[in-house]
Amino acid sequence: MNNFGSRTQPFVNPRNTKGKAVSHKHPWRVRIAAALALLVGVTTAACGSADEATVTADGKTELRYLSFPATVQFPELAADLGYFTKVSIKAVGETTSGPQSIQAAATGDTDFGHAFNGAIVKLASAGSPITAVVDSYGADEKTFNGFYVLEDSPIRTARDLIGKKIGINTLGAHSEFVIREWLAREGLSKDEIASVQLLVVPPINNESSLRQGQIDVGAFNGIFQQRALENGGLRELFTDRIFGDFSYGSHVFRDEFIKKNPEAVKDFVQGTARAIRWTQVTPQAEVVARFKDIITKRGRGEDPALAEYWKSSSIPTPGGVIKPEEFQLWIDWLVRNNELDKGKLTPQDIFTNDDNPYADGTYQPDSGPDGAPVVAAK
């Protein structure tokens with residue numbers, strides 16, 4: 001958010017310019033299972049992974065993660081703002097995929113990852129010992145996933161999508177869950193929903209695929225959304241704000257890592273929460289300038305100008321405090337579609353706010369990143 005955290009990153013890899021639409025006509029539950037199979041399969045490996053953290057020369061616990069190209073993740077911002085006191089973070093690879101991010105964390109190849117909450121629920125339901133500790137992305141009036149048709153398209157309602165094609169960047173993730181939920185809320189039957197074809201289209205190719213008639217609906221966010229709208233000729237069909245302002249993804253750690261490194265995790269959460277809050281109460285131009293500086297300083301050959309497309313944190317709660325409904329929604333969704341036994345999981349089995357200063361009373365919800373009151377908290 002966008003992969004398993006489809007809008008976890010507002011900008012998808014600008015260096016990936018290849019890729020064709022791939023059609024998937026099997027029942028959607030099979031597609032979701034296939035997309036998540038690799039994640040489910042890592043459960044055993046995760047149980048046997050080492051959770052001994054590396055300590056740097058200055059005595060800080062080093063937390064490994066996968067970076068996202070041309071994107072500043074909240075933990076990266078926290079590090080730049082100096083909000084961590086007991087941990088440092090180290091990128092050990094690069095990805096544009098939420099599945100890879102949480103897979104790496106689950107297996108112990110990294111220490112933390114982030115993804116769409118529905119994927120976290122699915123992985124937890126398979127027995128993977130992971131816990132969400134702070135939000136990572138969401139949807140608000142400024143930042144959201146939009147589903148667009150050509151301006152003169154006859155498609156105007158959910159029923160008009162029966163038998164049609166929608167281009168999304170990956171299966172079994174944010175976009176697919178939102179599409180299926182919207183179609184169900186609009187009254188389509190399971191068979192009718194199954195007839196809507198989802199095609200995997202790299203975000204950079206989605207606009208051209210829509211305009212050339214290869215797909216009937218395109219899913220856009222971030223830079224690709226803004227560029228497509230600037231080019232004109234498109235009409236919004238629906239968005240992922242069907243739940244209002246809502247958090248869709250979270251940062252996760254392995255349970256064993258949390259058990260062995262509680263102070264490191266606590267420092268990570270408080271720093272990341274404060275970084276989220278900083279973006280919520282700081283003028284957009286200042287946030288963009290900071291992001292540009294971070295992208296430039298790390299020297300990965302990324303275009304810092306892409307940061308100009310950042311609009312908001314997209315997270316509605318101060319400091320990314322997780323709400324139970326952010327997981328209950330996807331638990332109920334999986335139960336309803338026979339992907340999870342009723343009563344097997346509760347939101348409290350999957351997340352904790354114990355280390356978030358905006359949840360434990362350290363900071364008031366209307367305070368800024370340092371605990372001081374703000375004039376107009378967002």
# chains A, B, ... in the order shown; residues from 1 in each chain; ligands from 1

$ residues_around --residues "Ser88 (chain A)" --least-positions-apart "5" --cutoff "9 Å" --atoms "only C-alpha atoms" --output "count of residues only"
8

$ closest_atom_pairs --of "region 109-177 of chain A" --to "region 340-358 of chain A" --cutoff "12 Å" --atoms "only C-alpha atoms" --output "CSV"
residue,atom,partner,partner_atom,distance
A:Asn117,CA,A:Ile350,CA,9.7
A:Gly118,CA,A:Ile350,CA,11.1
A:Ala119,CA,A:Ile350,CA,11.5
A:Ile120,CA,A:Ile350,CA,8.0
A:Val121,CA,A:Ile350,CA,7.2
A:Lys122,CA,A:Leu340,CA,8.1
A:Leu123,CA,A:Ile350,CA,10.0
A:Ala124,CA,A:Ile350,CA,7.0
A:Ser125,CA,A:Leu345,CA,6.9
A:Ala126,CA,A:Leu340,CA,9.3
A:Gly127,CA,A:Leu345,CA,10.4
A:Ser128,CA,A:Ile350,CA,10.2
A:Pro129,CA,A:Ile350,CA,8.9
A:Ile130,CA,A:Ile350,CA,7.2
A:Thr131,CA,A:Phe351,CA,5.2
A:Ala132,CA,A:Phe351,CA,4.4
A:Val133,CA,A:Thr352,CA,5.4
A:Val134,CA,A:Asn353,CA,7.0
A:Asp135,CA,A:Asn353,CA,9.8

$ write_last_selection --atoms "C-alpha atoms" --output "short mmCIF file (atom, residue, chain, number, x, y, z; two decimals), in the first residue's frame"
data_model
loop_
_atom_site.label_atom_id
_atom_site.label_comp_id
_atom_site.auth_asym_id
_atom_site.auth_seq_id
_atom_site.Cartn_x
_atom_site.Cartn_y
_atom_site.Cartn_z
CA ASN A 117 -2.65 -7.03 7.69
CA GLY A 118 -4.59 -9.70 5.82
CA ALA A 119 -1.29 -11.38 4.93
CA ILE A 120 -0.15 -11.15 8.55
CA VAL A 121 -3.40 -12.82 9.65
CA LYS A 122 -2.92 -15.57 7.06
CA LEU A 123 0.64 -16.21 8.16
CA ALA A 124 -0.31 -16.21 11.84
CA SER A 125 -3.18 -18.62 11.15
CA ALA A 126 -0.63 -21.08 9.75
CA GLY A 127 1.20 -21.01 13.08
CA SER A 128 3.97 -18.56 12.30
CA PRO A 129 5.05 -16.92 15.58
CA ILE A 130 4.95 -13.24 14.58
CA THR A 131 3.48 -10.16 16.23
CA ALA A 132 2.50 -6.80 14.76
CA VAL A 133 3.83 -3.93 16.87
CA VAL A 134 2.99 -0.65 15.05
CA ASP A 135 1.10 0.42 11.92
#

$ closest_residue --among "A:Val335, A:Ile166, A:Ala70, A:Leu237" --to "Ser153 (chain A)" --atoms "only C-alpha atoms"
A:Leu237

$ residues_around --residues "Ile89 (chain A)" --least-positions-apart "4" --cutoff "12 Å" --atoms "only C-alpha atoms" --output "JSON list (two decimals) with C-alpha atoms, in the first residue's frame"
[["chain", "number", "residue", "atom", "x", "y", "z"],
["A", 53, "ALA", "CA", 20.82, -9.88, 17.71],
["A", 54, "THR", "CA", 24.06, -8.23, 16.62],
["A", 55, "VAL", "CA", 25.37, -5.50, 18.90],
["A", 56, "THR", "CA", 27.29, -2.64, 17.30],
["A", 60, "LYS", "CA", 23.26, -0.65, 20.03],
["A", 61, "THR", "CA", 21.23, -3.64, 18.87],
["A", 62, "GLU", "CA", 21.35, -3.88, 15.09],
["A", 63, "LEU", "CA", 18.00, -4.60, 13.42],
["A", 64, "ARG", "CA", 18.12, -5.98, 9.88],
["A", 65, "TYR", "CA", 15.46, -5.23, 7.28],
["A", 66, "LEU", "CA", 14.73, -5.01, 3.55],
["A", 67, "SER", "CA", 14.63, -1.54, 2.04],
["A", 73, "GLN", "CA", 10.12, 3.79, 5.49],
["A", 74, "PHE", "CA", 9.09, 5.02, 8.92],
["A", 75, "PRO", "CA", 11.93, 3.22, 10.75],
["A", 76, "GLU", "CA", 14.38, 4.85, 8.31],
["A", 77, "LEU", "CA", 12.88, 8.24, 9.10],
["A", 78, "ALA", "CA", 13.07, 7.48, 12.83],
["A", 79, "ALA", "CA", 16.78, 6.73, 12.50],
["A", 80, "ASP", "CA", 17.40, 9.96, 10.59],
["A", 82, "GLY", "CA", 17.52, 10.48, 15.96],
["A", 83, "TYR", "CA", 14.55, 8.81, 17.64],
["A", 84, "PHE", "CA", 16.33, 5.51, 18.31],
["A", 85, "THR", "CA", 18.59, 5.32, 21.36],
["A", 110, "THR", "CA", 15.82, -10.08, 8.78],
["A", 111, "ASP", "CA", 14.57, -8.93, 12.16],
["A", 112, "PHE", "CA", 11.50, -6.93, 11.17],
["A", 113, "GLY", "CA", 9.27, -6.55, 8.15],
["A", 264, "ALA", "CA", 15.44, -3.34, 21.39],
["A", 265, "VAL", "CA", 11.88, -3.92, 20.19],
["A", 267, "ASP", "CA", 13.04, 1.25, 21.30],
["A", 268, "PHE", "CA", 12.15, 0.38, 17.71],
["A", 271, "GLY", "CA", 11.04, 5.55, 17.59],
["A", 272, "THR", "CA", 8.91, 4.39, 14.68]]

$ select_by_dssp --residues "region 74-314 of chain A" --states "strand (DSSP E or B)" --output "NGL selection string"
:A and (87-94 or 112-116 or 130-139 or 146-150 or 165-168 or 197-200 or 217-220 or 234-239 or 246-254)

$ atom_distance --atom1 "CA of Thr239 (chain A)" --atom2 "CA of Phe291 (chain A)"
26.2 Å

$ residues_around --residues "Glu52 (chain A)" --least-positions-apart "5" --cutoff "9 Å" --atoms "only C-alpha atoms" --output "list in words"
Phe257, Lys260 and Asn261 of chain A

$ residues_around --residues "Ala219 (chain A)" --least-positions-apart "5" --cutoff "6 Å" --atoms "only C-alpha atoms" --output "PyMOL selection string"
chain A and resi 146-147+168

$ closest_residue --among "A:Tyr363, A:Trp278, A:Phe144, A:Phe253" --to "Ala104 (chain A)" --atoms "only C-alpha atoms"
A:Phe253

$ atom_distance --atom1 "CA of Gln212 (chain A)" --atom2 "CA of Leu161 (chain A)"
17.8 Å

$ atom_distance --atom1 "CA of Thr107 (chain A)" --atom2 "CA of Lys259 (chain A)"
16.0 Å
